[in-house]
Amino acid sequence: MDVVDARLNRILTAAAEAPSVLNTQPWQVAVEGSTIMLRADRSRQLRHSDPHGREMFISCGAFLFNARTAARRESLTAVATVLPDPDDELLVAQVVLEPGDDPSADELELSVAIGHRVTARVPFEDEPVRTDVLVTIQRAADHEGASLRTIQPTDPARAQVLELVRRAEALAAEDMAGRDEEAAWTATVPGRDDGIPLDRLGRAPTNPGAPVRRFHESVGREPFEEGSTLAVLSTPGDSARDWVTAGQALEHALLVAAGHFVDASFATTVLENPTTRHDLRLALGLGGYPQMLLRLGKVAPPEHAPRRTLGTPVS
Ligand SMILES: Cc1cc2nc3c(=O)[nH]c(=O)nc-3n(C[C@H](O)[C@H](O)[C@H](O)COP(=O)(O)O)c2cc1C
């Protein structure tokens, strides 16, 4: 493998660390010289819960953002031309890798966060994220052309949002085709490298309005916090291009959050149902279209091994 291949390999490996709906990883790449053609992979689309491919393109957008970020770590600049291409409706972007400056400290930090970010399906500390940190996360989403509307525990719209989440989850529980689709992506198959393993599904919340997805295959229940921050990512339009924007904004925001030790999980059932999605948009008075519902907070740290109390220093 020559130097260029090794760099490209590292960029594509980092890109594939992107979050994707049910870990479907619905992307495919073709490389020609220093050009990467990124396409959505329809064979990995959730035909029932994502019939238009919205979440598929969001996932591909997150892959694209990681590719751009990982390229900077290699002192390359990824020049991305995002779809549409009327002759190639699965094309997400053409990415040309060009020589660039050395990465800045911020760029390096972002690329390091790719390897730390995970979806945390566990209860968080019962506290909202600090406003100054939230502003930094919101700026990341803005930078990609999306908006992040935060919903703190005191927000008057919060109760309505939680009620919509509850309603969407209750409707999804009765949707047998949706349950079959989810079961297919959460089944444990030895050697499998996609889907969500059963032991990563987390436990179901005992509190009915908790903003987390109720996976039908998850085992056990536990109380979730009530006081973390919620956030809705929205885009000005609702086309495939907007969905790719949403994916890039999502990953940029998540990597900045990870850099501040802020964890995230998602509750997107409410956006897969067109009625609850519409009602959520109204409840928040959003000008744009909601694409992701996030829960942001901190996972309670595990207990440390005990430490001695320091006595008076000996001079
Ligand atoms: C469009 C989209 C929707 C998602 N919806 C949910 C969700 O409702 N609940 C959830 O727990 N995770 C959700 N996820 C997170 C994925 O399940 C997760 O990214 C994937 O399993 C890979 O795991 P990782 O994020 O820990 O790398 C979503 C991710 C994307 C991109």
# chains A, B, ... in the order shown; residues from 1 in each chain; ligands from 1
>>> residues_near_ligand(ligand="ligand 1", cutoff="6 Å", atoms="only C-alpha atoms and all ligand atoms", output="list in words")
Pro19, Ser20, Val21, Leu22, Asn23, Glu55, Ile58, Ser59, Val118, Thr119, Arg121, Ile196, Arg213, Ser265, Phe266, Ala267, Thr268 and Thr269 of chain A
>>> write_last_selection(atoms="N, CA and C atoms", output="PDB file, in the first residue's frame")
ATOM      1  N   PRO A  19     -22.511   7.735  12.744  1.00  0.00           N
ATOM      2  CA  PRO A  19     -23.767   7.129  13.185  1.00  0.00           C
ATOM      3  C   PRO A  19     -24.662   6.859  11.983  1.00  0.00           C
ATOM      4  N   SER A  20     -25.455   5.818  12.038  1.00  0.00           N
ATOM      5  CA  SER A  20     -26.428   5.561  10.967  1.00  0.00           C
ATOM      6  C   SER A  20     -27.652   4.909  11.568  1.00  0.00           C
ATOM      7  N   VAL A  21     -28.781   5.141  10.934  1.00  0.00           N
ATOM      8  CA  VAL A  21     -30.026   4.633  11.496  1.00  0.00           C
ATOM      9  C   VAL A  21     -29.961   3.100  11.630  1.00  0.00           C
ATOM     10  N   LEU A  22     -30.221   2.605  12.824  1.00  0.00           N
ATOM     11  CA  LEU A  22     -30.122   1.174  13.161  1.00  0.00           C
ATOM     12  C   LEU A  22     -28.790   0.559  12.731  1.00  0.00           C
ATOM     13  N   ASN A  23     -27.785   1.389  12.673  1.00  0.00           N
ATOM     14  CA  ASN A  23     -26.444   0.964  12.229  1.00  0.00           C
ATOM     15  C   ASN A  23     -26.504   0.204  10.891  1.00  0.00           C
ATOM     16  N   GLU A  55     -33.663   9.192   6.438  1.00  0.00           N
ATOM     17  CA  GLU A  55     -32.654   8.804   7.439  1.00  0.00           C
ATOM     18  C   GLU A  55     -31.431   8.157   6.776  1.00  0.00           C
ATOM     19  N   ILE A  58     -29.412  11.129   5.776  1.00  0.00           N
ATOM     20  CA  ILE A  58     -28.813  11.751   6.974  1.00  0.00           C
ATOM     21  C   ILE A  58     -27.571  10.948   7.373  1.00  0.00           C
ATOM     22  N   SER A  59     -27.697   9.634   7.358  1.00  0.00           N
ATOM     23  CA  SER A  59     -26.565   8.768   7.737  1.00  0.00           C
ATOM     24  C   SER A  59     -25.392   9.002   6.783  1.00  0.00           C
ATOM     25  N   VAL A 118     -20.009   7.884  20.641  1.00  0.00           N
ATOM     26  CA  VAL A 118     -20.884   6.705  20.551  1.00  0.00           C
ATOM     27  C   VAL A 118     -22.291   7.138  20.947  1.00  0.00           C
ATOM     28  N   THR A 119     -23.272   6.382  20.531  1.00  0.00           N
ATOM     29  CA  THR A 119     -24.643   6.643  20.969  1.00  0.00           C
ATOM     30  C   THR A 119     -24.794   6.044  22.365  1.00  0.00           C
ATOM     31  N   ARG A 121     -27.095   4.925  25.067  1.00  0.00           N
ATOM     32  CA  ARG A 121     -28.507   4.598  25.364  1.00  0.00           C
ATOM     33  C   ARG A 121     -28.695   4.241  26.837  1.00  0.00           C
ATOM     34  N   ILE A 196     -27.608  -3.294  15.294  1.00  0.00           N
ATOM     35  CA  ILE A 196     -27.268  -2.987  16.694  1.00  0.00           C
ATOM     36  C   ILE A 196     -27.312  -4.281  17.501  1.00  0.00           C
ATOM     37  N   ARG A 213     -35.744   5.874  22.160  1.00  0.00           N
ATOM     38  CA  ARG A 213     -36.484   4.916  21.343  1.00  0.00           C
ATOM     39  C   ARG A 213     -36.730   3.639  22.144  1.00  0.00           C
ATOM     40  N   SER A 265     -27.952  10.672  22.660  1.00  0.00           N
ATOM     41  CA  SER A 265     -28.699   9.562  22.058  1.00  0.00           C
ATOM     42  C   SER A 265     -29.846  10.189  21.273  1.00  0.00           C
ATOM     43  N   PHE A 266     -30.613   9.379  20.585  1.00  0.00           N
ATOM     44  CA  PHE A 266     -31.611   9.907  19.654  1.00  0.00           C
ATOM     45  C   PHE A 266     -32.960   9.240  19.901  1.00  0.00           C
ATOM     46  N   ALA A 267     -34.008   9.939  19.533  1.00  0.00           N
ATOM     47  CA  ALA A 267     -35.351   9.356  19.626  1.00  0.00           C
ATOM     48  C   ALA A 267     -36.072   9.762  18.348  1.00  0.00           C
ATOM     49  N   THR A 268     -35.821   9.032  17.288  1.00  0.00           N
ATOM     50  CA  THR A 268     -36.297   9.501  15.979  1.00  0.00           C
ATOM     51  C   THR A 268     -37.608   8.859  15.527  1.00  0.00           C
ATOM     52  N   THR A 269     -38.188   7.974  16.356  1.00  0.00           N
ATOM     53  CA  THR A 269     -39.486   7.385  15.993  1.00  0.00           C
ATOM     54  C   THR A 269     -40.501   8.501  15.729  1.00  0.00           C
TER      55      THR A 269
END
>>> residues_around(residues="Gly61 in chain A", least_positions_apart="5", cutoff="9 Å", atoms="only C-alpha atoms", output="CSV table (one decimal) with C-alpha atoms, in the first residue's frame")
chain,number,residue,atom,x,y,z
A,18,ALA,CA,-20.4,7.7,11.5
A,56,MET,CA,-30.5,7.0,4.9
A,66,ASN,CA,-16.4,12.4,9.0
A,92,VAL,CA,-24.6,11.9,-2.2
A,93,ALA,CA,-21.4,13.7,-3.0
A,243,TRP,CA,-31.1,15.5,4.5
A,244,VAL,CA,-27.4,15.3,3.6
A,245,THR,CA,-27.0,18.8,5.2
A,246,ALA,CA,-28.7,17.4,8.3
A,247,GLY,CA,-26.3,14.5,8.5
A,248,GLN,CA,-23.3,16.7,8.2
A,249,ALA,CA,-24.6,19.1,10.8
A,250,LEU,CA,-25.5,16.2,13.1
A,251,GLU,CA,-22.1,14.7,13.1
>>> residues_around(residues="Leu8 in chain A", least_positions_apart="5", cutoff="12 Å", atoms="only C-alpha atoms", output="list in words")
Met1, Asp2, Val3, Thr13, Ala14, Ala15, Val29, Ala30, Val31, Glu32, Gly33, Ser34, Thr35, Ile36, Ala67, Arg68, Ala70, Ala71, Arg72, Arg73, Glu74, Ser75, Leu76, Ala78, Val95, Val96, Leu97 and Glu98 of chain A
>>> residues_around(residues="Arg221 in chain A", least_positions_apart="2", cutoff="10 Å", atoms="only C-alpha atoms", output="PyMOL selection string")
chain A and resi 202-207+218-219+223-224
>>> residues_around(residues="range 256-258 of chain A", least_positions_apart="4", cutoff="6 Å", atoms="only C-alpha atoms", output="VMD selection string")
chain A and resid 117 137 262
>>> write_last_selection(atoms="N, CA and C atoms", output="compact mmCIF listing (two decimals), in the first residue's frame")
# COMPACT_ATOMS: atom_id res chain seq x y z
N ARG A 117 -16.87 9.24 19.84
CA ARG A 117 -18.32 9.42 19.84
C ARG A 117 -19.05 8.08 19.76
N ILE A 137 -22.14 23.84 20.54
CA ILE A 137 -22.70 22.73 19.77
C ILE A 137 -23.65 23.27 18.68
N VAL A 262 -19.90 15.68 26.33
CA VAL A 262 -21.37 15.63 26.33
C VAL A 262 -21.78 14.42 25.50
>>> closest_residue(among="A:Leu64, A:Pro290, A:Gly237, A:Val299", to="Val82 in chain A", atoms="only C-alpha atoms")
A:Leu64
>>> closest_atom_pairs(of="range 97-139 of chain A", to="range 145-167 of chain A", cutoff="12 Å", atoms="only C-alpha atoms", output="tab-separated table")
residue	atom	partner	partner_atom	distance
A:Asp126	CA	A:Pro153	CA	10.0
A:Glu127	CA	A:Pro153	CA	8.7
A:Pro128	CA	A:Gln152	CA	6.5
A:Val129	CA	A:Gln152	CA	8.4
A:Arg130	CA	A:Gln152	CA	10.1
A:Thr131	CA	A:Gln152	CA	9.7
A:Val133	CA	A:Thr150	CA	11.8
A:Leu134	CA	A:Thr150	CA	8.1
A:Val135	CA	A:Leu148	CA	9.5
A:Thr136	CA	A:Leu148	CA	10.8
A:Ile137	CA	A:Leu148	CA	8.3
A:Gln138	CA	A:Leu148	CA	5.5
A:Arg139	CA	A:Ser147	CA	8.4
>>> write_last_selection(atoms="N, CA and C atoms", output="PDB file, in the first residue's frame")
ATOM      1  N   ASP A 126     -29.001  13.893  35.913  1.00  0.00           N
ATOM      2  CA  ASP A 126     -30.284  14.606  35.818  1.00  0.00           C
ATOM      3  C   ASP A 126     -30.091  16.119  35.707  1.00  0.00           C
ATOM      4  N   GLU A 127     -29.295  16.537  34.746  1.00  0.00           N
ATOM      5  CA  GLU A 127     -28.965  17.966  34.630  1.00  0.00           C
ATOM      6  C   GLU A 127     -28.882  18.364  33.172  1.00  0.00           C
ATOM      7  N   PRO A 128     -29.328  19.586  32.851  1.00  0.00           N
ATOM      8  CA  PRO A 128     -29.170  20.043  31.467  1.00  0.00           C
ATOM      9  C   PRO A 128     -27.714  20.380  31.155  1.00  0.00           C
ATOM     10  N   VAL A 129     -27.411  20.434  29.868  1.00  0.00           N
ATOM     11  CA  VAL A 129     -26.061  20.826  29.434  1.00  0.00           C
ATOM     12  C   VAL A 129     -25.917  22.341  29.641  1.00  0.00           C
ATOM     13  N   ARG A 130     -24.729  22.765  30.064  1.00  0.00           N
ATOM     14  CA  ARG A 130     -24.473  24.195  30.303  1.00  0.00           C
ATOM     15  C   ARG A 130     -24.698  25.012  29.032  1.00  0.00           C
ATOM     16  N   THR A 131     -25.239  26.207  29.213  1.00  0.00           N
ATOM     17  CA  THR A 131     -25.596  27.041  28.058  1.00  0.00           C
ATOM     18  C   THR A 131     -24.396  27.361  27.169  1.00  0.00           C
ATOM     19  N   VAL A 133     -21.764  25.626  26.592  1.00  0.00           N
ATOM     20  CA  VAL A 133     -21.403  24.436  25.803  1.00  0.00           C
ATOM     21  C   VAL A 133     -22.450  24.221  24.700  1.00  0.00           C
ATOM     22  N   LEU A 134     -23.720  24.438  25.065  1.00  0.00           N
ATOM     23  CA  LEU A 134     -24.777  24.269  24.056  1.00  0.00           C
ATOM     24  C   LEU A 134     -24.596  25.230  22.888  1.00  0.00           C
ATOM     25  N   VAL A 135     -24.192  26.446  23.192  1.00  0.00           N
ATOM     26  CA  VAL A 135     -23.991  27.440  22.124  1.00  0.00           C
ATOM     27  C   VAL A 135     -22.913  26.948  21.162  1.00  0.00           C
ATOM     28  N   THR A 136     -21.862  26.346  21.699  1.00  0.00           N
ATOM     29  CA  THR A 136     -20.779  25.830  20.846  1.00  0.00           C
ATOM     30  C   THR A 136     -21.303  24.695  19.967  1.00  0.00           C
ATOM     31  N   ILE A 137     -22.144  23.843  20.535  1.00  0.00           N
ATOM     32  CA  ILE A 137     -22.703  22.726  19.766  1.00  0.00           C
ATOM     33  C   ILE A 137     -23.648  23.271  18.683  1.00  0.00           C
ATOM     34  N   GLN A 138     -24.431  24.285  19.061  1.00  0.00           N
ATOM     35  CA  GLN A 138     -25.363  24.883  18.080  1.00  0.00           C
ATOM     36  C   GLN A 138     -24.601  25.523  16.924  1.00  0.00           C
ATOM     37  N   ARG A 139     -23.475  26.154  17.235  1.00  0.00           N
ATOM     38  CA  ARG A 139     -22.671  26.803  16.184  1.00  0.00           C
ATOM     39  C   ARG A 139     -22.198  25.780  15.157  1.00  0.00           C
TER      40      ARG A 139
END
>>> closest_residue(among="A:Gly209, A:Pro197, A:Gly191, A:Gly100", to="Ala170 in chain A", atoms="only C-alpha atoms")
A:Gly209
>>> residues_around(residues="Val270 in chain A", least_positions_apart="5", cutoff="6 Å", atoms="only C-alpha atoms", output="ChimeraX atom specification")
/A:165,168,276-277
>>> write_last_selection(atoms="N, CA and C atoms", output="PDB file, in the first residue's frame")
ATOM      1  N   VAL A 165     -43.470  12.185  21.556  1.00  0.00           N
ATOM      2  CA  VAL A 165     -42.569  11.023  21.570  1.00  0.00           C
ATOM      3  C   VAL A 165     -43.340   9.806  22.095  1.00  0.00           C
ATOM      4  N   ALA A 168     -45.830   8.587  19.451  1.00  0.00           N
ATOM      5  CA  ALA A 168     -45.162   7.930  18.307  1.00  0.00           C
ATOM      6  C   ALA A 168     -44.663   6.537  18.714  1.00  0.00           C
ATOM      7  N   THR A 276     -46.802  12.813  13.685  1.00  0.00           N
ATOM      8  CA  THR A 276     -46.118  13.340  14.877  1.00  0.00           C
ATOM      9  C   THR A 276     -44.967  14.271  14.463  1.00  0.00           C
ATOM     10  N   ARG A 277     -44.383  14.002  13.296  1.00  0.00           N
ATOM     11  CA  ARG A 277     -43.320  14.907  12.819  1.00  0.00           C
ATOM     12  C   ARG A 277     -43.894  16.307  12.561  1.00  0.00           C
TER      13      ARG A 277
END
>>> closest_residue(among="A:Thr186, A:Ser49, A:Ser228, A:Thr69", to="Ile11 in chain A", atoms="only C-alpha atoms")
A:Thr69
>>> closest_residue(among="A:Ala172, A:Leu254, A:Leu110, A:Ala240", to="Cys60 in chain A", atoms="only C-alpha atoms")
A:Ala240
>>> select_by_dssp(residues="range 66-292 of chain A", states="strand (DSSP E or B)", output="ChimeraX atom specification")
/A:76-82,91-99,119,124,147-151,204-205,221-222,229-235,263-266,289-292
>>> write_last_selection(atoms="C-alpha atoms", output="PDB file, in the first residue's frame")
ATOM      1  CA  LEU A  76      -5.676  17.128   2.943  1.00  0.00           C
ATOM      2  CA  THR A  77      -8.730  19.201   2.097  1.00  0.00           C
ATOM      3  CA  ALA A  78     -11.821  17.308   0.994  1.00  0.00           C
ATOM      4  CA  VAL A  79     -13.644  19.422  -1.571  1.00  0.00           C
ATOM      5  CA  ALA A  80     -17.185  18.027  -1.569  1.00  0.00           C
ATOM      6  CA  THR A  81     -19.813  18.669  -4.198  1.00  0.00           C
ATOM      7  CA  VAL A  82     -23.096  17.523  -2.751  1.00  0.00           C
ATOM      8  CA  LEU A  91     -25.242  10.105  -5.465  1.00  0.00           C
ATOM      9  CA  VAL A  92     -24.572  11.877  -2.170  1.00  0.00           C
ATOM     10  CA  ALA A  93     -21.368  13.702  -3.009  1.00  0.00           C
ATOM     11  CA  GLN A  94     -18.255  13.790  -5.089  1.00  0.00           C
ATOM     12  CA  VAL A  95     -15.288  14.373  -2.810  1.00  0.00           C
ATOM     13  CA  VAL A  96     -11.942  15.445  -4.250  1.00  0.00           C
ATOM     14  CA  LEU A  97      -8.960  15.186  -1.916  1.00  0.00           C
ATOM     15  CA  GLU A  98      -6.503  18.037  -2.438  1.00  0.00           C
ATOM     16  CA  PRO A  99      -3.258  18.906  -0.649  1.00  0.00           C
ATOM     17  CA  THR A 119     -24.643   6.643  20.969  1.00  0.00           C
ATOM     18  CA  PHE A 124     -27.761  10.550  31.938  1.00  0.00           C
ATOM     19  CA  SER A 147     -30.269  24.732  13.156  1.00  0.00           C
ATOM     20  CA  LEU A 148     -30.338  23.114  16.550  1.00  0.00           C
ATOM     21  CA  ARG A 149     -33.322  24.164  18.682  1.00  0.00           C
ATOM     22  CA  THR A 150     -32.568  23.223  22.279  1.00  0.00           C
ATOM     23  CA  ILE A 151     -35.308  22.258  24.723  1.00  0.00           C
ATOM     24  CA  ALA A 204     -36.473   0.554  28.248  1.00  0.00           C
ATOM     25  CA  PRO A 205     -37.336   3.601  30.371  1.00  0.00           C
ATOM     26  CA  ARG A 221     -36.347  -1.456  32.347  1.00  0.00           C
ATOM     27  CA  GLU A 222     -34.842   1.402  34.344  1.00  0.00           C
ATOM     28  CA  THR A 229     -31.288  18.718  27.428  1.00  0.00           C
ATOM     29  CA  LEU A 230     -33.279  17.837  24.313  1.00  0.00           C
ATOM     30  CA  ALA A 231     -32.517  19.309  20.916  1.00  0.00           C
ATOM     31  CA  VAL A 232     -34.164  19.206  17.517  1.00  0.00           C
ATOM     32  CA  LEU A 233     -31.998  19.524  14.433  1.00  0.00           C
ATOM     33  CA  SER A 234     -33.816  21.128  11.510  1.00  0.00           C
ATOM     34  CA  THR A 235     -33.039  22.187   7.960  1.00  0.00           C
ATOM     35  CA  ASP A 263     -23.080  12.354  25.391  1.00  0.00           C
ATOM     36  CA  ALA A 264     -25.973  11.965  22.998  1.00  0.00           C
ATOM     37  CA  SER A 265     -28.699   9.562  22.058  1.00  0.00           C
ATOM     38  CA  PHE A 266     -31.611   9.907  19.654  1.00  0.00           C
ATOM     39  CA  TYR A 289     -38.145  20.772   8.921  1.00  0.00           C
ATOM     40  CA  PRO A 290     -37.204  18.633  11.941  1.00  0.00           C
ATOM     41  CA  GLN A 291     -34.667  15.915  11.046  1.00  0.00           C
ATOM     42  CA  MET A 292     -33.327  14.553  14.365  1.00  0.00           C
TER      43      MET A 292
END
>>> select_by_dssp(residues="range 60-103 of chain A", states="helix (DSSP H, G or I)", output="list of chain:residue names")
A:Cys60, A:Gly61, A:Ala62, A:Phe63, A:Leu64, A:Phe65, A:Asn66, A:Ala67, A:Arg68, A:Thr69, A:Ala70, A:Ala71, A:Arg72, A:Arg73
>>> atom_distance(atom1="CA of Arg47 in chain A", atom2="CA of Leu171 in chain A")
17.7 Å
>>> atom_distance(atom1="CA of Ile114 in chain A", atom2="CA of Leu255 in chain A")
6.4 Å
>>> closest_residue(among="A:Arg39, A:Gly311, A:His48, A:Ala62", to="Asp175 in chain A", atoms="only C-alpha atoms")
A:His48
